[in-house]
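Structure below is data_31.tsv: TSV, N, CA and C atoms.
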chain	number	residue	atom	x	y	z
A	1	MET	N	34.16	-55.50	7.78
A	1	MET	CA	34.33	-56.64	6.91
A	1	MET	C	32.94	-57.20	6.62
A	2	ILE	N	32.44	-57.01	5.41
A	2	ILE	CA	31.13	-57.50	5.03
A	2	ILE	C	31.31	-58.82	4.28
A	3	MET	N	30.53	-59.79	4.67
A	3	MET	CA	30.58	-61.09	4.02
A	3	MET	C	29.18	-61.43	3.55
A	4	GLU	N	29.10	-62.24	2.55
A	4	GLU	CA	27.80	-62.68	2.08
A	4	GLU	C	27.14	-63.54	3.15
A	5	LYS	N	25.82	-63.53	3.17
A	5	LYS	CA	25.09	-64.38	4.11
A	5	LYS	C	25.34	-65.82	3.74
A	6	ASN	N	25.77	-66.59	4.71
A	6	ASN	CA	25.98	-68.01	4.44
A	6	ASN	C	24.73	-68.78	4.81
A	7	PRO	N	24.47	-69.87	4.10
A	7	PRO	CA	23.30	-70.67	4.48
A	7	PRO	C	23.55	-71.30	5.85
A	8	PRO	N	22.52	-71.42	6.65
A	8	PRO	CA	22.73	-72.03	7.97
A	8	PRO	C	23.17	-73.48	7.82
A	9	LEU	N	24.11	-73.86	8.64
A	9	LEU	CA	24.57	-75.24	8.66
A	9	LEU	C	23.67	-76.08	9.56
A	10	MET	N	22.94	-75.39	10.43
A	10	MET	CA	21.97	-76.06	11.30
A	10	MET	C	20.93	-75.04	11.73
A	11	THR	N	19.82	-75.55	12.21
A	11	THR	CA	18.76	-74.66	12.69
A	11	THR	C	19.18	-74.04	14.02
A	12	THR	N	18.47	-72.99	14.39
A	12	THR	CA	18.72	-72.36	15.68
A	12	THR	C	18.54	-73.38	16.80
A	13	GLU	N	17.53	-74.21	16.69
A	13	GLU	CA	17.26	-75.22	17.72
A	13	GLU	C	18.42	-76.22	17.81
A	14	GLN	N	18.93	-76.65	16.67
A	14	GLN	CA	20.06	-77.58	16.67
A	14	GLN	C	21.30	-76.93	17.30
A	15	ALA	N	21.55	-75.67	16.95
A	15	ALA	CA	22.71	-74.97	17.49
A	15	ALA	C	22.58	-74.79	19.00
A	16	ARG	N	21.36	-74.52	19.47
A	16	ARG	CA	21.15	-74.37	20.92
A	16	ARG	C	21.39	-75.66	21.68
A	17	MET	N	21.25	-76.79	21.00
A	17	MET	CA	21.46	-78.08	21.64
A	17	MET	C	22.95	-78.40	21.83
A	18	LEU	N	23.80	-77.71	21.12
A	18	LEU	CA	25.23	-77.93	21.27
A	18	LEU	C	25.71	-77.35	22.59
A	19	SER	N	26.74	-77.94	23.14
A	19	SER	CA	27.30	-77.39	24.37
A	19	SER	C	28.03	-76.08	24.04
A	20	ALA	N	28.21	-75.27	25.04
A	20	ALA	CA	28.93	-74.01	24.87
A	20	ALA	C	30.36	-74.29	24.39
A	21	LEU	N	30.94	-75.38	24.86
A	21	LEU	CA	32.31	-75.70	24.45
A	21	LEU	C	32.36	-76.16	23.00
A	22	GLN	N	31.32	-76.83	22.51
A	22	GLN	CA	31.26	-77.18	21.10
A	22	GLN	C	31.15	-75.92	20.24
A	23	LEU	N	30.32	-75.00	20.68
A	23	LEU	CA	30.19	-73.74	19.95
A	23	LEU	C	31.51	-72.97	19.96
A	24	ALA	N	32.20	-72.96	21.08
A	24	ALA	CA	33.49	-72.28	21.19
A	24	ALA	C	34.53	-72.95	20.29
A	25	PHE	N	34.46	-74.26	20.17
A	25	PHE	CA	35.37	-75.00	19.29
A	25	PHE	C	35.24	-74.46	17.86
A	26	MET	N	34.01	-74.27	17.41
A	26	MET	CA	33.78	-73.73	16.07
A	26	MET	C	34.16	-72.25	16.04
A	27	GLY	N	33.80	-71.52	17.08
A	27	GLY	CA	34.06	-70.08	17.12
A	27	GLY	C	35.53	-69.73	17.12
A	28	ASP	N	36.36	-70.59	17.67
A	28	ASP	CA	37.81	-70.37	17.65
A	28	ASP	C	38.29	-70.28	16.21
A	29	THR	N	37.78	-71.16	15.37
A	29	THR	CA	38.15	-71.15	13.96
A	29	THR	C	37.60	-69.92	13.26
A	30	ILE	N	36.39	-69.53	13.58
A	30	ILE	CA	35.78	-68.35	12.95
A	30	ILE	C	36.57	-67.10	13.33
A	31	CYS	N	36.94	-66.98	14.59
A	31	CYS	CA	37.73	-65.83	15.03
A	31	CYS	C	39.08	-65.79	14.29
A	32	ASP	N	39.70	-66.94	14.17
A	32	ASP	CA	40.98	-67.02	13.46
A	32	ASP	C	40.79	-66.66	11.98
A	33	LEU	N	39.72	-67.15	11.37
A	33	LEU	CA	39.45	-66.84	9.96
A	33	LEU	C	39.22	-65.34	9.76
A	34	LEU	N	38.41	-64.73	10.62
A	34	LEU	CA	38.15	-63.30	10.50
A	34	LEU	C	39.43	-62.48	10.71
A	35	THR	N	40.23	-62.90	11.66
A	35	THR	CA	41.50	-62.21	11.94
A	35	THR	C	42.44	-62.32	10.75
A	36	ARG	N	42.61	-63.51	10.24
A	36	ARG	CA	43.53	-63.70	9.11
A	36	ARG	C	43.02	-63.00	7.85
A	37	THR	N	41.70	-62.99	7.66
A	37	THR	CA	41.14	-62.30	6.50
A	37	THR	C	41.44	-60.81	6.59
A	38	ARG	N	41.26	-60.25	7.77
A	38	ARG	CA	41.56	-58.82	7.96
A	38	ARG	C	43.05	-58.54	7.73
A	39	LEU	N	43.90	-59.39	8.26
A	39	LEU	CA	45.35	-59.17	8.14
A	39	LEU	C	45.84	-59.34	6.70
A	40	MET	N	45.15	-60.13	5.90
A	40	MET	CA	45.53	-60.29	4.50
A	40	MET	C	45.38	-58.98	3.74
A	41	GLN	N	44.59	-58.08	4.26
A	41	GLN	CA	44.36	-56.79	3.60
A	41	GLN	C	45.41	-55.75	3.97
A	42	THR	N	46.42	-56.14	4.76
A	42	THR	CA	47.41	-55.18	5.25
A	42	THR	C	48.69	-55.12	4.44
A	43	ASP	N	48.89	-56.03	3.52
A	43	ASP	CA	50.13	-56.08	2.75
A	43	ASP	C	51.35	-56.30	3.63
A	44	SER	N	51.18	-57.00	4.72
A	44	SER	CA	52.29	-57.29	5.61
A	44	SER	C	52.97	-58.59	5.23
A	45	ARG	N	54.17	-58.75	5.74
A	45	ARG	CA	54.86	-60.03	5.58
A	45	ARG	C	54.14	-61.08	6.43
A	46	VAL	N	54.24	-62.32	6.01
A	46	VAL	CA	53.53	-63.41	6.68
A	46	VAL	C	53.95	-63.51	8.15
A	47	GLN	N	55.22	-63.37	8.44
A	47	GLN	CA	55.68	-63.47	9.83
A	47	GLN	C	55.05	-62.39	10.69
A	48	LEU	N	54.93	-61.18	10.15
A	48	LEU	CA	54.31	-60.08	10.88
A	48	LEU	C	52.81	-60.33	11.07
A	49	MET	N	52.16	-60.84	10.01
A	49	MET	CA	50.73	-61.16	10.12
A	49	MET	C	50.50	-62.22	11.17
A	50	HIS	N	51.39	-63.22	11.23
A	50	HIS	CA	51.24	-64.28	12.23
A	50	HIS	C	51.36	-63.70	13.64
A	51	SER	N	52.31	-62.82	13.86
A	51	SER	CA	52.49	-62.20	15.18
A	51	SER	C	51.27	-61.37	15.56
A	52	LYS	N	50.75	-60.61	14.61
A	52	LYS	CA	49.56	-59.80	14.88
A	52	LYS	C	48.36	-60.69	15.19
A	53	ALA	N	48.22	-61.77	14.44
A	53	ALA	CA	47.10	-62.70	14.68
A	53	ALA	C	47.18	-63.28	16.08
A	54	ALA	N	48.38	-63.65	16.51
A	54	ALA	CA	48.55	-64.22	17.84
A	54	ALA	C	48.19	-63.21	18.93
A	55	SER	N	48.37	-61.93	18.64
A	55	SER	CA	48.03	-60.90	19.64
A	55	SER	C	46.53	-60.63	19.70
A	56	ILE	N	45.80	-61.06	18.68
A	56	ILE	CA	44.35	-60.84	18.62
A	56	ILE	C	43.59	-62.09	19.04
A	57	VAL	N	44.10	-63.26	18.67
A	57	VAL	CA	43.41	-64.52	18.94
A	57	VAL	C	44.09	-65.20	20.14
A	58	ASN	N	43.81	-64.67	21.31
A	58	ASN	CA	44.26	-65.28	22.57
A	58	ASN	C	43.24	-64.93	23.64
A	59	ALA	N	43.26	-65.66	24.72
A	59	ALA	CA	42.21	-65.52	25.74
A	59	ALA	C	42.12	-64.10	26.30
A	60	ARG	N	43.23	-63.50	26.61
A	60	ARG	CA	43.21	-62.15	27.20
A	60	ARG	C	42.60	-61.15	26.22
A	61	ALA	N	43.03	-61.18	24.96
A	61	ALA	CA	42.51	-60.25	23.96
A	61	ALA	C	41.03	-60.52	23.68
A	62	GLN	N	40.65	-61.78	23.61
A	62	GLN	CA	39.25	-62.11	23.34
A	62	GLN	C	38.33	-61.70	24.48
A	63	ALA	N	38.83	-61.77	25.70
A	63	ALA	CA	38.03	-61.31	26.84
A	63	ALA	C	37.74	-59.81	26.70
A	64	LEU	N	38.73	-59.05	26.29
A	64	LEU	CA	38.54	-57.61	26.06
A	64	LEU	C	37.60	-57.36	24.89
A	65	GLN	N	37.71	-58.17	23.86
A	65	GLN	CA	36.84	-58.03	22.69
A	65	GLN	C	35.38	-58.25	23.09
A	66	LEU	N	35.14	-59.27	23.91
A	66	LEU	CA	33.77	-59.53	24.36
A	66	LEU	C	33.23	-58.34	25.15
A	67	ALA	N	34.05	-57.78	26.04
A	67	ALA	CA	33.60	-56.64	26.85
A	67	ALA	C	33.18	-55.47	25.96
A	68	LYS	N	33.88	-55.26	24.85
A	68	LYS	CA	33.56	-54.15	23.95
A	68	LYS	C	32.21	-54.32	23.27
A	69	ILE	N	31.83	-55.55	22.97
A	69	ILE	CA	30.60	-55.75	22.21
A	69	ILE	C	29.38	-56.08	23.07
A	70	MET	N	29.57	-56.25	24.36
A	70	MET	CA	28.44	-56.61	25.23
A	70	MET	C	27.23	-55.67	25.04
A	71	PRO	N	27.43	-54.34	24.95
A	71	PRO	CA	26.26	-53.46	24.77
A	71	PRO	C	25.55	-53.65	23.43
A	72	LEU	N	26.20	-54.29	22.47
A	72	LEU	CA	25.62	-54.47	21.14
A	72	LEU	C	24.83	-55.77	21.00
A	73	LEU	N	24.94	-56.63	21.99
A	73	LEU	CA	24.34	-57.96	21.87
A	73	LEU	C	22.83	-57.95	22.06
A	74	GLU	N	22.18	-58.77	21.27
A	74	GLU	CA	20.74	-58.98	21.40
A	74	GLU	C	20.50	-59.95	22.54
A	75	GLU	N	19.27	-60.03	23.00
A	75	GLU	CA	18.94	-60.85	24.17
A	75	GLU	C	19.37	-62.31	23.99
A	76	GLU	N	19.08	-62.89	22.86
A	76	GLU	CA	19.46	-64.29	22.61
A	76	GLU	C	20.98	-64.46	22.68
A	77	GLU	N	21.71	-63.50	22.13
A	77	GLU	CA	23.16	-63.54	22.15
A	77	GLU	C	23.69	-63.40	23.58
A	78	LEU	N	23.08	-62.51	24.36
A	78	LEU	CA	23.47	-62.34	25.76
A	78	LEU	C	23.28	-63.63	26.55
A	79	GLN	N	22.16	-64.30	26.33
A	79	GLN	CA	21.90	-65.56	27.03
A	79	GLN	C	22.95	-66.60	26.67
A	80	LEU	N	23.31	-66.66	25.40
A	80	LEU	CA	24.34	-67.60	24.98
A	80	LEU	C	25.68	-67.29	25.64
A	81	VAL	N	26.04	-66.02	25.67
A	81	VAL	CA	27.30	-65.60	26.29
A	81	VAL	C	27.32	-65.99	27.77
A	82	LYS	N	26.22	-65.74	28.47
A	82	LYS	CA	26.15	-66.08	29.89
A	82	LYS	C	26.30	-67.59	30.10
A	83	ARG	N	25.63	-68.37	29.25
A	83	ARG	CA	25.74	-69.83	29.35
A	83	ARG	C	27.17	-70.28	29.09
A	84	ALA	N	27.79	-69.72	28.07
A	84	ALA	CA	29.15	-70.13	27.71
A	84	ALA	C	30.17	-69.70	28.76
A	85	ARG	N	29.96	-68.56	29.40
A	85	ARG	CA	30.88	-68.10	30.45
A	85	ARG	C	30.90	-69.07	31.63
A	86	ASN	N	29.79	-69.77	31.82
A	86	ASN	CA	29.69	-70.70	32.94
A	86	ASN	C	30.05	-72.13	32.58
A	87	ALA	N	30.49	-72.36	31.35
A	87	ALA	CA	30.88	-73.71	30.93
A	87	ALA	C	32.14	-74.13	31.67
A	88	HIS	N	32.24	-75.41	31.90
A	88	HIS	CA	33.41	-75.94	32.62
A	88	HIS	C	34.25	-76.77	31.68
A	89	PRO	N	35.37	-76.20	31.21
A	89	PRO	CA	36.23	-76.97	30.31
A	89	PRO	C	36.85	-78.14	31.06
A	90	GLY	N	37.10	-79.20	30.34
A	90	GLY	CA	37.70	-80.38	30.95
A	90	GLY	C	39.21	-80.34	30.94
A	91	HIS	N	39.76	-79.15	30.84
A	91	HIS	CA	41.22	-79.00	30.82
A	91	HIS	C	41.60	-77.76	31.64
A	92	THR	N	42.87	-77.59	31.86
A	92	THR	CA	43.33	-76.46	32.66
A	92	THR	C	43.37	-75.19	31.81
A	93	VAL	N	43.29	-74.08	32.49
A	93	VAL	CA	43.33	-72.77	31.84
A	93	VAL	C	44.78	-72.48	31.44
A	94	PRO	N	45.00	-71.94	30.24
A	94	PRO	CA	46.37	-71.59	29.83
A	94	PRO	C	47.01	-70.61	30.82
A	95	LYS	N	48.31	-70.69	30.97
A	95	LYS	CA	49.03	-69.85	31.92
A	95	LYS	C	49.00	-68.37	31.55
A	96	ALA	N	48.82	-68.07	30.28
A	96	ALA	CA	48.86	-66.67	29.82
A	96	ALA	C	47.58	-65.90	30.13
A	97	ALA	N	46.58	-66.57	30.72
A	97	ALA	CA	45.31	-65.89	31.00
A	97	ALA	C	44.77	-66.33	32.35
A	98	SER	N	43.99	-65.45	32.96
A	98	SER	CA	43.31	-65.82	34.20
A	98	SER	C	42.13	-66.71	33.86
A	99	ARG	N	41.57	-67.37	34.84
A	99	ARG	CA	40.40	-68.21	34.62
A	99	ARG	C	39.24	-67.36	34.08
A	100	GLU	N	39.06	-66.18	34.65
A	100	GLU	CA	37.99	-65.27	34.20
A	100	GLU	C	38.18	-64.89	32.73
A	101	GLU	N	39.41	-64.51	32.35
A	101	GLU	CA	39.67	-64.17	30.95
A	101	GLU	C	39.40	-65.36	30.03
A	102	TYR	N	39.79	-66.53	30.48
A	102	TYR	CA	39.59	-67.73	29.67
A	102	TYR	C	38.10	-68.00	29.47
A	103	MET	N	37.30	-67.82	30.51
A	103	MET	CA	35.87	-68.06	30.40
A	103	MET	C	35.19	-67.00	29.51
A	104	GLN	N	35.66	-65.76	29.61
A	104	GLN	CA	35.15	-64.70	28.74
A	104	GLN	C	35.49	-65.00	27.28
A	105	ALA	N	36.71	-65.46	27.04
A	105	ALA	CA	37.14	-65.80	25.69
A	105	ALA	C	36.32	-66.97	25.15
A	106	THR	N	36.03	-67.94	25.99
A	106	THR	CA	35.20	-69.07	25.59
A	106	THR	C	33.82	-68.58	25.18
A	107	ALA	N	33.27	-67.64	25.93
A	107	ALA	CA	31.95	-67.09	25.62
A	107	ALA	C	31.98	-66.35	24.28
A	108	TYR	N	33.02	-65.58	24.04
A	108	TYR	CA	33.17	-64.85	22.78
A	108	TYR	C	33.24	-65.82	21.60
A	109	GLU	N	34.06	-66.85	21.75
A	109	GLU	CA	34.19	-67.85	20.69
A	109	GLU	C	32.87	-68.59	20.48
A	110	ALA	N	32.17	-68.92	21.55
A	110	ALA	CA	30.88	-69.61	21.43
A	110	ALA	C	29.89	-68.76	20.65
A	111	LEU	N	29.87	-67.47	20.92
A	111	LEU	CA	28.98	-66.56	20.20
A	111	LEU	C	29.30	-66.56	18.71
A	112	LEU	N	30.57	-66.43	18.35
A	112	LEU	CA	30.95	-66.44	16.94
A	112	LEU	C	30.62	-67.77	16.29
A	113	GLY	N	30.84	-68.87	17.00
A	113	GLY	CA	30.51	-70.19	16.47
A	113	GLY	C	29.03	-70.35	16.24
A	114	TYR	N	28.23	-69.90	17.18
A	114	TYR	CA	26.77	-69.99	17.07
A	114	TYR	C	26.28	-69.17	15.87
A	115	LEU	N	26.78	-67.96	15.74
A	115	LEU	CA	26.35	-67.11	14.63
A	115	LEU	C	26.72	-67.73	13.29
A	116	TYR	N	27.91	-68.28	13.20
A	116	TYR	CA	28.32	-68.94	11.95
A	116	TYR	C	27.43	-70.14	11.63
A	117	LEU	N	27.24	-71.00	12.60
A	117	LEU	CA	26.47	-72.22	12.37
A	117	LEU	C	25.02	-71.95	11.99
A	118	THR	N	24.47	-70.85	12.49
A	118	THR	CA	23.07	-70.52	12.20
A	118	THR	C	22.93	-69.60	10.97
A	119	GLY	N	24.02	-69.40	10.23
A	119	GLY	CA	23.94	-68.64	8.98
A	119	GLY	C	24.04	-67.15	9.13
A	120	ASN	N	24.55	-66.69	10.26
A	120	ASN	CA	24.64	-65.25	10.54
A	120	ASN	C	26.09	-64.76	10.53
A	121	MET	N	26.81	-65.10	9.48
A	121	MET	CA	28.21	-64.71	9.39
A	121	MET	C	28.36	-63.19	9.30
A	122	ASN	N	27.40	-62.51	8.67
A	122	ASN	CA	27.47	-61.04	8.63
A	122	ASN	C	27.45	-60.47	10.05
A	123	ARG	N	26.60	-61.01	10.90
A	123	ARG	CA	26.51	-60.55	12.28
A	123	ARG	C	27.82	-60.87	13.02
A	124	ALA	N	28.35	-62.06	12.80
A	124	ALA	CA	29.62	-62.44	13.44
A	124	ALA	C	30.73	-61.48	13.00
A	125	ALA	N	30.80	-61.19	11.71
A	125	ALA	CA	31.84	-60.28	11.20
A	125	ALA	C	31.65	-58.87	11.73
A	126	TYR	N	30.40	-58.42	11.83
A	126	TYR	CA	30.11	-57.09	12.37
A	126	TYR	C	30.58	-56.99	13.83
A	127	LEU	N	30.21	-57.97	14.63
A	127	LEU	CA	30.62	-57.94	16.04
A	127	LEU	C	32.13	-58.05	16.18
A	128	TYR	N	32.74	-58.88	15.36
A	128	TYR	CA	34.20	-59.02	15.37
A	128	TYR	C	34.84	-57.66	15.05
A	129	ASP	N	34.34	-57.00	14.01
A	129	ASP	CA	34.90	-55.70	13.63
A	129	ASP	C	34.72	-54.67	14.75
A	130	CYS	N	33.56	-54.65	15.38
A	130	CYS	CA	33.33	-53.73	16.50
A	130	CYS	C	34.29	-54.03	17.65
A	131	ALA	N	34.56	-55.27	17.89
A	131	ALA	CA	35.44	-55.68	18.99
A	131	ALA	C	36.90	-55.36	18.71
A	132	ASN	N	37.26	-55.20	17.45
A	132	ASN	CA	38.65	-55.02	17.06
A	132	ASN	C	38.94	-53.71	16.35
A	133	LYS	N	38.10	-52.72	16.57
A	133	LYS	CA	38.26	-51.44	15.85
A	133	LYS	C	39.65	-50.83	15.99
A	134	GLU	N	40.17	-50.72	17.17
A	134	GLU	CA	41.46	-50.05	17.33
A	134	GLU	C	42.66	-50.97	17.14
A	135	THR	N	42.40	-52.24	16.81
A	135	THR	CA	43.52	-53.14	16.52
A	135	THR	C	43.75	-53.22	15.02
A	136	GLU	N	43.34	-52.16	14.31
A	136	GLU	CA	43.57	-52.13	12.86
A	136	GLU	C	45.05	-52.33	12.59
A	137	ALA	N	45.31	-53.17	11.63
A	137	ALA	CA	46.71	-53.50	11.33
A	137	ALA	C	47.36	-52.39	10.51
Could you quickly redo this structure as structure tokens?
Amino acid sequence: MIMEKNPPLMTTEQARMLSALQLAFMGDTICDLLTRTRLMQTDSRVQLMHSKAASIVNARAQALQLAKIMPLLEEEELQLVKRARNAHPGHTVPKAASREEYMQATAYEALLGYLYLTGNMNRAAYLYDCANKETEA
């Protein structure tokens, strides 16, 4: 999924000042947007697309997606992922995922959020596609 380069919404320095959970907040939306954009290309019924999206955008699936792209990450991205994995959410972990899966998913979302905010949507889409290759709809 190739997207045009978006202008940065903030500088790299500004994005680094955000907490990992703030970045994950944005990244959750980016992951959902990329998922729904991909599913729109499948000619499926809306109910089926919704079910497929739910199977892709959840903590367990996102933890697996992060594991797939770890070898592709640049040093700055790796540092962000490590920082985000160690973030402490102020709420309980969903029952459908382990704490480890939830923290991995938070790191994945933080990475996507950071890339979007700094104007690197092409990189976010590339990593998303690499993470979801065999989940083609």
Every residue of region 37-121 of chain A that DSSP places in alpha helix (DSSP H), as a ChimeraX atom specification: /A:37-40,46-56,59-69,75-85,99-117,121
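The protein and nucleic acid residues lying at most 6 Å from Met121 (chain A) are A:Lys5, A:Asn6, A:Leu115, A:Tyr116, A:Ala125, A:Tyr126, with only N, CA and C atoms considered and sequence neighbours fewer than 4 positions away removed.
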Quick one: residues within 9 Å of Val81 (chain A), only C-alpha atoms, excluding same-chain residues fewer than 3 positions away - as a list of chain:residue names?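 The filter keeps A:Ala20, A:Glu76, A:Glu77, A:Leu78, A:Ala84, A:Arg85, A:Asn86, A:Gln104, A:Thr106, A:Ala107, A:Tyr108, A:Ala110, A:Leu111.
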May I ask for the distance between CA of Thr37 (chain A) and atom N of Glu74 (chain A), given in Å to one decimal place?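 A separation of 24.3 Å between them.
Atom pair CA of Gln47 (chain A) / atom N of Tyr102 (chain A): separated by 26.2 Å.
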Distance criterion (only N, CA and C atoms): nearest to Asp32 (chain A) out of A:Val57, A:His88, A:Arg16, A:Arg45: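 Checking each candidate against Asp32 (chain A), we get A:Val57 as the closest.
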Shortest interatomic distance to Leu64 (chain A) - which of A:Glu101, A:Asp43, A:Glu134, A:Glu109, counting all atoms listed in the file: A:Glu101
Pick out the residues sitting within 7 Å of Thr118 (chain A), and hand them over as a ChimeraX atom specification; count all atoms listed in the file, and ignore anything fewer than 2 positions along from it in its own chain. /A:6-12,15,113-116,120-121
Restricted to N, CA and C atoms, what would the selected residues look like written as a short mmCIF file (atom, residue, chain, number, x, y, z; two decimals), in the coordinates of the input?
data_model
loop_
_atom_site.label_atom_id
_atom_site.label_comp_id
_atom_site.auth_asym_id
_atom_site.auth_seq_id
_atom_site.Cartn_x
_atom_site.Cartn_y
_atom_site.Cartn_z
N ASN A 6 25.77 -66.59 4.71
CA ASN A 6 25.98 -68.01 4.44
C ASN A 6 24.73 -68.78 4.81
N PRO A 7 24.47 -69.87 4.10
CA PRO A 7 23.30 -70.67 4.48
C PRO A 7 23.55 -71.30 5.85
N PRO A 8 22.52 -71.42 6.65
CA PRO A 8 22.73 -72.03 7.97
C PRO A 8 23.17 -73.48 7.82
N LEU A 9 24.11 -73.86 8.64
CA LEU A 9 24.57 -75.24 8.66
C LEU A 9 23.67 -76.08 9.56
N MET A 10 22.94 -75.39 10.43
CA MET A 10 21.97 -76.06 11.30
C MET A 10 20.93 -75.04 11.73
N THR A 11 19.82 -75.55 12.21
CA THR A 11 18.76 -74.66 12.69
C THR A 11 19.18 -74.04 14.02
N THR A 12 18.47 -72.99 14.39
CA THR A 12 18.72 -72.36 15.68
C THR A 12 18.54 -73.38 16.80
N ALA A 15 21.55 -75.67 16.95
CA ALA A 15 22.71 -74.97 17.49
C ALA A 15 22.58 -74.79 19.00
N GLY A 113 30.84 -68.87 17.00
CA GLY A 113 30.51 -70.19 16.47
C GLY A 113 29.03 -70.35 16.24
N TYR A 114 28.23 -69.90 17.18
CA TYR A 114 26.77 -69.99 17.07
C TYR A 114 26.28 -69.17 15.87
N LEU A 115 26.78 -67.96 15.74
CA LEU A 115 26.35 -67.11 14.63
C LEU A 115 26.72 -67.73 13.29
N TYR A 116 27.91 -68.28 13.20
CA TYR A 116 28.32 -68.94 11.95
C TYR A 116 27.43 -70.14 11.63
N ASN A 120 24.55 -66.69 10.26
CA ASN A 120 24.64 -65.25 10.54
C ASN A 120 26.09 -64.76 10.53
N MET A 121 26.81 -65.10 9.48
CA MET A 121 28.21 -64.71 9.39
C MET A 121 28.36 -63.19 9.30
#
Surrounding residues of Leu112 (chain A) excluding itself and chain neighbours under 6 positions, 6.5 Å, all atoms listed in the file, as a list in words: Leu23, Met26, Gly27, Ile30, Cys31 and Ala124 of chain A
Output of the above residues as a CSV table (one decimal), in the frame of the given file, restricted to N, CA and C atoms:
chain,number,residue,atom,x,y,z
A,23,LEU,N,30.3,-75.0,20.7
A,23,LEU,CA,30.2,-73.7,20.0
A,23,LEU,C,31.5,-73.0,20.0
A,26,MET,N,34.0,-74.3,17.4
A,26,MET,CA,33.8,-73.7,16.1
A,26,MET,C,34.2,-72.2,16.0
A,27,GLY,N,33.8,-71.5,17.1
A,27,GLY,CA,34.1,-70.1,17.1
A,27,GLY,C,35.5,-69.7,17.1
A,30,ILE,N,36.4,-69.5,13.6
A,30,ILE,CA,35.8,-68.4,13.0
A,30,ILE,C,36.6,-67.1,13.3
A,31,CYS,N,36.9,-67.0,14.6
A,31,CYS,CA,37.7,-65.8,15.0
A,31,CYS,C,39.1,-65.8,14.3
A,124,ALA,N,28.4,-62.1,12.8
A,124,ALA,CA,29.6,-62.4,13.4
A,124,ALA,C,30.7,-61.5,13.0
